[in-house]
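Printed here is my_file00.txt (compact mmCIF, C-alpha atoms):
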```txt
# COMPACT_ATOMS: atom_id res chain seq x y z
CA MET A 1 84.82 103.55 99.76
CA THR A 2 81.94 102.81 97.44
CA THR A 3 81.84 99.43 95.83
CA THR A 4 80.95 101.00 92.52
CA SER A 5 84.06 103.17 92.29
CA GLU A 6 86.39 100.28 91.52
CA LEU A 7 86.08 97.66 88.84
CA THR A 8 87.13 94.20 89.97
CA ILE A 9 87.34 91.21 87.65
CA SER A 10 88.44 87.71 88.57
CA ARG A 11 89.07 85.27 85.77
CA ILE A 12 90.63 81.84 85.36
CA PHE A 13 92.90 81.20 82.38
CA ASP A 14 93.83 77.72 81.27
CA ALA A 15 97.56 78.52 81.19
CA PRO A 16 100.24 78.86 83.88
CA PRO A 17 100.98 82.30 85.43
CA GLU A 18 104.26 82.79 83.54
CA LEU A 19 102.42 82.51 80.20
CA VAL A 20 99.56 84.80 81.22
CA TYR A 21 102.02 87.31 82.64
CA ARG A 22 104.05 87.32 79.41
CA ALA A 23 100.86 87.95 77.41
CA PHE A 24 100.47 91.18 79.44
CA VAL A 25 104.06 92.44 79.22
CA ASP A 26 105.37 91.27 75.81
CA ALA A 27 104.76 93.99 73.24
CA ASP A 28 104.27 91.47 70.41
CA GLN A 29 101.65 89.56 72.43
CA ILE A 30 99.54 92.45 73.75
CA CYS A 31 98.31 93.59 70.36
CA GLN A 32 97.09 90.07 69.63
CA TRP A 33 94.42 90.15 72.31
CA PHE A 34 94.06 93.61 73.91
CA GLY A 35 90.82 95.39 73.07
CA PRO A 36 87.45 94.12 71.92
CA VAL A 37 86.76 92.66 68.48
CA GLY A 38 86.56 95.55 66.01
CA TYR A 39 89.59 97.35 67.44
CA THR A 40 93.18 96.95 66.39
CA CYS A 41 96.21 97.84 68.38
CA PRO A 42 98.97 98.34 65.77
CA TYR A 43 102.18 96.55 66.65
CA GLU A 44 104.30 99.66 66.04
CA SER A 45 102.23 101.63 68.59
CA VAL A 46 103.10 99.22 71.41
CA HIS A 47 105.95 99.92 73.78
CA SER A 48 106.32 97.79 76.87
CA ASP A 49 108.88 98.01 79.65
CA ALA A 50 107.65 96.10 82.69
CA ARG A 51 109.94 97.56 85.33
CA VAL A 52 109.23 99.96 88.18
CA GLY A 53 109.05 103.38 86.51
CA GLY A 54 108.76 101.75 83.08
CA HIS A 55 105.90 102.48 80.68
CA GLN A 56 103.54 100.42 78.61
CA ARG A 57 102.01 102.45 75.82
CA MET A 58 99.70 101.56 72.99
CA VAL A 59 97.09 102.98 70.66
CA MET A 60 93.79 101.23 70.05
CA ILE A 61 92.04 102.09 66.78
CA SER A 62 88.54 101.21 65.60
CA ASP A 63 88.52 99.15 62.40
CA ASP A 64 85.48 101.12 61.16
CA ASP A 65 86.55 104.62 62.06
CA PRO A 66 90.27 105.50 62.31
CA ASN A 67 89.31 108.65 64.25
CA ASP A 68 87.87 106.48 67.00
CA ARG A 69 91.12 105.83 68.83
CA SER A 70 92.34 105.64 72.38
CA THR A 71 95.86 106.07 73.74
CA ILE A 72 96.84 104.09 76.81
CA ASP A 73 99.94 104.86 78.84
CA MET A 74 100.62 102.74 81.92
CA THR A 75 103.40 103.60 84.36
CA PHE A 76 104.46 100.67 86.53
CA THR A 77 104.92 101.26 90.25
CA GLU A 78 105.20 97.63 91.40
CA VAL A 79 106.40 94.69 89.33
CA VAL A 80 106.86 91.10 90.50
CA GLU A 81 107.56 88.85 87.53
CA ASN A 82 104.80 86.28 86.93
CA GLU A 83 102.89 87.55 89.98
CA LEU A 84 102.02 91.23 90.08
CA LEU A 85 101.72 94.38 87.96
CA VAL A 86 100.66 97.64 89.63
CA GLY A 87 100.65 101.11 88.18
CA HIS A 88 98.60 103.99 86.91
CA GLN A 89 97.13 104.18 83.49
CA ASP A 90 96.55 107.44 81.62
CA VAL A 91 93.89 106.95 78.99
CA GLU A 92 92.96 109.43 76.30
CA GLY A 93 89.93 109.18 74.06
CA ILE A 94 87.32 107.63 76.34
CA PRO A 95 83.79 108.41 75.12
CA LEU A 96 81.99 111.07 77.22
CA THR A 97 85.23 112.35 78.70
CA THR A 98 87.69 115.01 77.62
CA GLY A 99 91.44 114.93 78.05
CA THR A 100 93.22 112.23 79.94
CA VAL A 101 91.65 110.00 82.57
CA ARG A 102 93.94 108.39 85.13
CA PHE A 103 93.13 104.98 86.55
CA HIS A 104 94.91 102.95 89.15
CA MET A 105 95.53 99.40 87.89
CA ARG A 106 96.39 96.26 89.77
CA LEU A 107 96.84 92.87 88.13
CA GLU A 108 97.53 89.80 90.28
CA PHE A 109 98.48 86.48 88.70
CA HIS A 110 97.67 83.60 91.06
CA GLU A 111 98.71 80.03 90.36
CA GLU A 112 95.80 77.59 90.43
CA PRO A 113 95.83 73.78 90.38
CA GLY A 114 96.07 72.12 86.98
CA GLY A 115 98.44 74.67 85.46
CA LYS A 116 95.83 77.43 85.51
CA THR A 117 95.99 81.08 86.49
CA ARG A 118 93.49 83.19 88.39
CA LEU A 119 93.83 86.76 87.28
CA GLU A 120 92.56 89.44 89.65
CA LEU A 121 92.10 92.83 88.04
CA ARG A 122 91.32 96.02 89.95
CA GLN A 123 90.85 99.26 88.11
CA GLY A 124 89.55 102.58 89.34
CA PRO A 125 88.43 104.95 90.51
CA PHE A 126 85.44 105.25 88.24
CA ARG A 127 83.92 107.81 90.51
CA GLU A 128 87.06 109.49 91.74
CA LEU A 129 85.16 112.51 92.99
CA LEU A 130 82.62 110.44 94.83
CA GLY A 131 85.42 110.51 97.22
CA ASP A 132 86.98 109.91 100.52
CA ASP A 133 86.05 113.33 101.87
CA ALA A 134 83.38 111.73 103.98
CA GLY A 135 83.42 110.27 107.44
CA ALA A 136 82.00 106.97 108.58
CA GLY A 137 78.65 108.61 109.29
CA TRP A 138 78.01 108.78 105.57
CA GLU A 139 78.74 105.13 105.00
CA SER A 140 75.13 103.99 105.19
CA SER A 141 74.02 106.60 102.70
CA PHE A 142 76.75 105.46 100.31
CA THR A 143 75.56 101.92 100.62
CA ARG A 144 72.08 103.07 99.76
CA LEU A 145 73.35 105.21 96.91
CA ASP A 146 75.29 102.21 95.62
CA SER A 147 72.20 100.05 95.58
CA LEU A 148 70.35 102.90 93.91
CA LEU A 149 73.02 103.01 91.20
CA ARG A 150 72.76 99.28 90.72
CA ARG A 151 68.98 99.45 90.46
CA SER A 152 69.21 102.23 87.90
CA LEU A 153 71.35 100.08 85.62
CA MET B 1 85.36 128.74 79.00
CA VAL B 2 85.32 125.18 77.71
CA ALA B 3 82.06 123.42 78.48
CA ALA B 4 82.62 120.53 80.88
CA ASP B 5 81.69 117.10 79.60
CA PRO B 6 78.51 115.56 81.08
CA LEU B 7 80.30 112.94 83.18
CA SER B 8 82.56 115.52 84.83
CA VAL B 9 79.52 117.61 85.73
CA ILE B 10 77.81 114.53 87.20
CA PHE B 11 80.88 113.50 89.16
CA ALA B 12 81.43 117.03 90.45
CA ALA B 13 77.82 117.10 91.63
CA LEU B 14 78.27 113.72 93.33
CA ALA B 15 81.51 114.82 94.99
CA ASP B 16 79.77 116.51 97.91
CA PRO B 17 78.48 114.39 100.83
CA THR B 18 75.46 116.65 101.44
CA ARG B 19 74.42 116.32 97.80
CA ARG B 20 74.81 112.55 97.95
CA ALA B 21 72.64 112.48 101.07
CA ILE B 22 70.03 114.60 99.27
CA LEU B 23 69.99 112.11 96.36
CA THR B 24 69.65 109.23 98.80
CA ARG B 25 66.70 110.96 100.47
CA LEU B 26 65.07 111.58 97.07
CA ALA B 27 65.39 107.89 96.23
CA ASP B 28 62.64 107.42 98.84
CA GLY B 29 60.38 109.96 97.12
CA ASP B 30 60.02 113.61 96.14
CA ALA B 31 60.68 116.24 98.81
CA THR B 32 60.53 120.01 99.29
CA VAL B 33 63.54 122.17 100.18
CA THR B 34 62.37 122.36 103.80
CA GLU B 35 62.04 118.59 104.04
CA LEU B 36 65.47 118.12 102.47
CA ALA B 37 67.07 120.64 104.84
CA GLU B 38 65.69 118.94 107.95
CA PRO B 39 68.51 116.46 108.64
CA PHE B 40 71.22 119.07 108.06
CA SER B 41 72.48 121.94 110.19
CA ILE B 42 72.72 124.20 107.16
CA SER B 43 70.51 126.98 105.89
CA LEU B 44 67.74 126.70 103.32
CA PRO B 45 69.66 128.89 100.83
CA ALA B 46 72.64 126.52 101.17
CA ILE B 47 70.36 123.54 100.42
CA SER B 48 68.93 125.45 97.46
CA ARG B 49 72.45 125.96 96.12
CA HIS B 50 73.10 122.21 96.37
CA LEU B 51 69.82 121.53 94.57
CA LYS B 52 70.87 123.92 91.82
CA VAL B 53 74.11 121.96 91.29
CA LEU B 54 72.19 118.67 91.22
CA GLU B 55 69.67 120.14 88.79
CA ASN B 56 72.42 121.42 86.47
CA ALA B 57 73.92 117.94 86.42
CA GLY B 58 70.51 116.57 85.47
CA LEU B 59 70.44 114.43 88.61
CA ILE B 60 67.18 115.97 89.84
CA SER B 61 64.29 117.89 88.38
CA ARG B 62 62.19 120.44 90.25
CA SER B 63 58.53 121.14 89.91
CA ARG B 64 57.56 124.78 89.29
CA SER B 65 55.26 125.61 92.17
CA GLY B 66 57.05 128.44 93.95
CA GLN B 67 58.24 127.96 97.48
CA TRP B 68 56.75 124.51 97.81
CA ARG B 69 58.24 123.10 94.68
CA SER B 70 59.57 119.63 95.23
CA SER B 71 62.61 117.85 93.86
CA THR B 72 62.56 114.54 91.98
CA LEU B 73 65.46 112.18 91.47
CA GLU B 74 66.42 111.59 87.84
CA ALA B 75 67.97 108.17 87.33
CA ALA B 76 69.31 108.53 83.78
CA PRO B 77 72.55 110.44 84.53
CA LEU B 78 73.35 108.07 87.38
CA ARG B 79 72.84 105.26 84.93
CA GLU B 80 75.24 106.96 82.55
CA ALA B 81 77.91 107.23 85.25
CA THR B 82 77.48 103.58 86.16
CA ALA B 83 77.39 102.57 82.50
CA TRP B 84 80.86 104.04 82.09
CA MET B 85 82.29 101.41 84.42
CA GLU B 86 80.17 98.71 82.83
CA GLN B 87 81.70 99.57 79.46
CA TYR B 88 85.10 98.90 80.95
CA ARG B 89 83.96 95.57 82.33
CA GLN B 90 82.74 94.63 78.87
CA PHE B 91 86.02 95.85 77.42
CA TRP B 92 87.99 93.50 79.66
CA ASP B 93 85.60 90.60 79.19
CA ALA B 94 85.94 90.89 75.42
CA SER B 95 89.73 91.25 75.65
CA PHE B 96 90.00 88.26 77.96
CA ASP B 97 88.00 86.10 75.56
CA ARG B 98 90.63 86.94 72.97
CA LEU B 99 93.39 86.33 75.51
CA ASP B 100 91.95 82.84 76.12
CA ALA B 101 92.28 82.05 72.43
CA HIS B 102 95.74 83.63 72.30
CA LEU B 103 96.99 81.54 75.24
CA ARG B 104 95.69 78.37 73.57
CA ARG B 105 97.71 79.24 70.44
CA VAL B 106 100.83 79.98 72.49
CA GLN B 107 100.58 76.66 74.31
CA GLN B 108 99.91 74.78 71.10
CA ASP B 109 102.99 76.34 69.47
CA ARG B 110 105.03 75.37 72.50
CA SER B 111 103.99 71.74 72.47
CA GLU B 112 104.58 71.56 68.70
CA GLN B 113 108.05 73.01 69.19
CA ALA B 114 108.71 70.52 71.98
CA ALA B 115 107.55 67.66 69.75
CA THR B 116 109.81 68.86 66.90
CA SER B 117 112.90 69.16 69.10
CA GLU B 118 112.15 65.70 70.54
CA GLY B 119 112.03 64.40 67.01
CA ILE B 120 115.44 65.98 66.30
CA THR B 121 117.11 64.45 69.35
CA GLN B 122 115.76 60.99 68.59
```
Would you mind giving the structure from this file in structure tokens?
Amino acid sequence: MTTTSELTISRIFDAPPELVYRAFVDADQICQWFGPVGYTCPYESVHSDARVGGHQRMVMISDDDPNDRSTIDMTFTEVVENELLVGHQDVEGIPLTTGTVRFHMRLEFHEEPGGKTRLELRQGPFRELLGDDAGAGWESSFTRLDSLLRRSL
Amino acid sequence: MVAADPLSVIFAALADPTRRAILTRLADGDATVTELAEPFSISLPAISRHLKVLENAGLISRSRSGQWRSSTLEAAPLREATAWMEQYRQFWDASFDRLDAHLRRVQQDRSEQAATSEGITQ
């Protein structure tokens, strides 16, 4: 319901969908790009089985502090090769949170002219409890709360 | 009991539609309990309980002037909750920059391989 509860990213890659898709599902490719600079995702920690009900697991470790680590476990619920990956991601070790946080993840790989790919990522909810318990009457106050949240950034 | 982490407390406080409406009202300026209760068909003590939850989450502060004390919106925790998502956006942006470079390498390797195998067949 709120626009701030879901992260959406759209990005063009200068490579065809089958290559971008493989970079997301091949275990030996993921650890070469996943995570920001300063974090390493050891090859032996990566397991990837891109099938419905399959898991993709990995551990991301800070280069400066080996205790600063995060475990990611994605369970796939929809898989269309070179086109779509949907599932839920259980993440442990997020700053300011305790235990495991579950996100819904959706990755769409769209073919674009010139051998490019438009990746659409949706991840959420980031405010799971700012929830769907409310009727339409609250919608305007959400909109205002959303703009308040944006202003407070 | 294990102390809840700050974000969980904030999210729990934000989970209730009445409390969200109270925050929205306070975005327009400070208000007393009576003023805050006006739009709702619930009792003053019920509103006070909501204010207590919001105060515990650090989302509002309350002035200490007895019955007329007013509530003030505190932006910092909201910022923290929003920042959480922003961190993820930055995470993906940084990863995708690396993915860009990775895809360039993969394509380069491919064209080199193609060139080599062409060389062999010639």
For a cutoff of 12 Å around the file-coordinate point (84.5, 99.3, 60.8), which residues qualify once you count only C-alpha atoms? I'd like the result as an NGL selection string. :A and (37-40 or 61-68)
Using only C-alpha atoms, please write the residues we just selected to a file, as a CSV table (one decimal), in the frame of the given file.
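Below is the file that was written, again.csv:
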```csv
chain,number,residue,atom,x,y,z
A,37,VAL,CA,86.8,92.7,68.5
A,38,GLY,CA,86.6,95.6,66.0
A,39,TYR,CA,89.6,97.4,67.4
A,40,THR,CA,93.2,97.0,66.4
A,61,ILE,CA,92.0,102.1,66.8
A,62,SER,CA,88.5,101.2,65.6
A,63,ASP,CA,88.5,99.2,62.4
A,64,ASP,CA,85.5,101.1,61.2
A,65,ASP,CA,86.6,104.6,62.1
A,66,PRO,CA,90.3,105.5,62.3
A,67,ASN,CA,89.3,108.6,64.2
A,68,ASP,CA,87.9,106.5,67.0
```
One decimal, in Å: what's the spacing between atom CA of B:Leu73 and atom CA of B:Ile60? 4.5 Å
Long-range neighbours of A:Phe13 as a ChimeraX atom specification, 9 Å cut-off, all atoms listed in the file, 5 positions minimum in chain: /A:20,116-119 /B:96,99-100,103
Please identify every residue of chain B that has at least one atom no farther than 7 Å from an atom of chain A, counting all atoms listed in the file, and for each give the shortest atom pair and the distance in Å to one decimal, arranged by chain then increasing number, as a tab-separated table.
```
residue	atom	partner	partner_atom	distance
B:Asp5	CA	A:Thr97	CA	6.0
B:Pro6	CA	A:Leu96	CA	6.9
B:Leu7	CA	A:Leu96	CA	6.5
B:Phe11	CA	A:Leu129	CA	5.8
B:Ala12	CA	A:Leu129	CA	6.4
B:Leu14	CA	A:Leu130	CA	5.7
B:Ala15	CA	A:Leu130	CA	4.5
B:Pro17	CA	A:Ala134	CA	6.4
B:Ala21	CA	A:Ser141	CA	6.3
B:Thr24	CA	A:Leu145	CA	5.8
B:Ala75	CA	A:Ser152	CA	6.1
B:Leu78	CA	A:Leu149	CA	6.3
B:Arg79	CA	A:Leu153	CA	5.4
B:Thr82	CA	A:Leu149	CA	6.8
B:Met85	CA	A:Phe126	CA	6.3
B:Phe91	CA	A:Pro36	CA	5.9
B:Ala94	CA	A:Pro36	CA	5.0
B:Ser95	CA	A:Gly35	CA	5.0
B:Arg98	CA	A:Trp33	CA	5.0
B:Leu99	CA	A:Trp33	CA	5.1
B:Asp100	CA	A:Phe13	CA	6.5
B:His102	CA	A:Trp33	CA	6.7
B:Leu103	CA	A:Ala15	CA	6.7
```
Please return, as a ChimeraX atom specification, all polymer residues that have at least one atom within 9 Å of the point (103.7, 99.8, 91.9); use only C-alpha atoms and the file's own coordinate frame. /A:52-53,75-79,84-88,106
Mind dumping the selected residues with C-alpha atoms as a CSV table (one decimal), keeping the file's coordinate frame?
```
chain,number,residue,atom,x,y,z
A,52,VAL,CA,109.2,100.0,88.2
A,53,GLY,CA,109.0,103.4,86.5
A,75,THR,CA,103.4,103.6,84.4
A,76,PHE,CA,104.5,100.7,86.5
A,77,THR,CA,104.9,101.3,90.2
A,78,GLU,CA,105.2,97.6,91.4
A,79,VAL,CA,106.4,94.7,89.3
A,84,LEU,CA,102.0,91.2,90.1
A,85,LEU,CA,101.7,94.4,88.0
A,86,VAL,CA,100.7,97.6,89.6
A,87,GLY,CA,100.6,101.1,88.2
A,88,HIS,CA,98.6,104.0,86.9
A,106,ARG,CA,96.4,96.3,89.8
```
Would you mind reading off the distance between atom CA of B:Ala13 and atom CA of B:Arg69, one decimal, in Å?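 Value for the atom CA of B:Ala13-atom CA of B:Arg69 distance: 20.7 Å.
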As an exercise, work out the distance from atom CA of B:Arg64 to atom CA of B:Ile10 in Å and give it to one decimal place.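 Atom CA of B:Ile10 lies 22.8 Å from atom CA of B:Arg64.
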Which residues are near B:Val53? Cut-off 9 Å, only C-alpha atoms, ignore same chain within fewer than 3 positions. Put them as a PyMOL selection string. chain B and resi 9+12-13+19+48-50+56-59
Find, counting only C-alpha atoms, the residue in B:Asp16, B:Asp109, B:Pro77, B:Thr72 that gets nearest to B:Thr32.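 Comparing B:Asp16, B:Asp109, B:Pro77, B:Thr72 against B:Thr32, the winner is B:Thr72.
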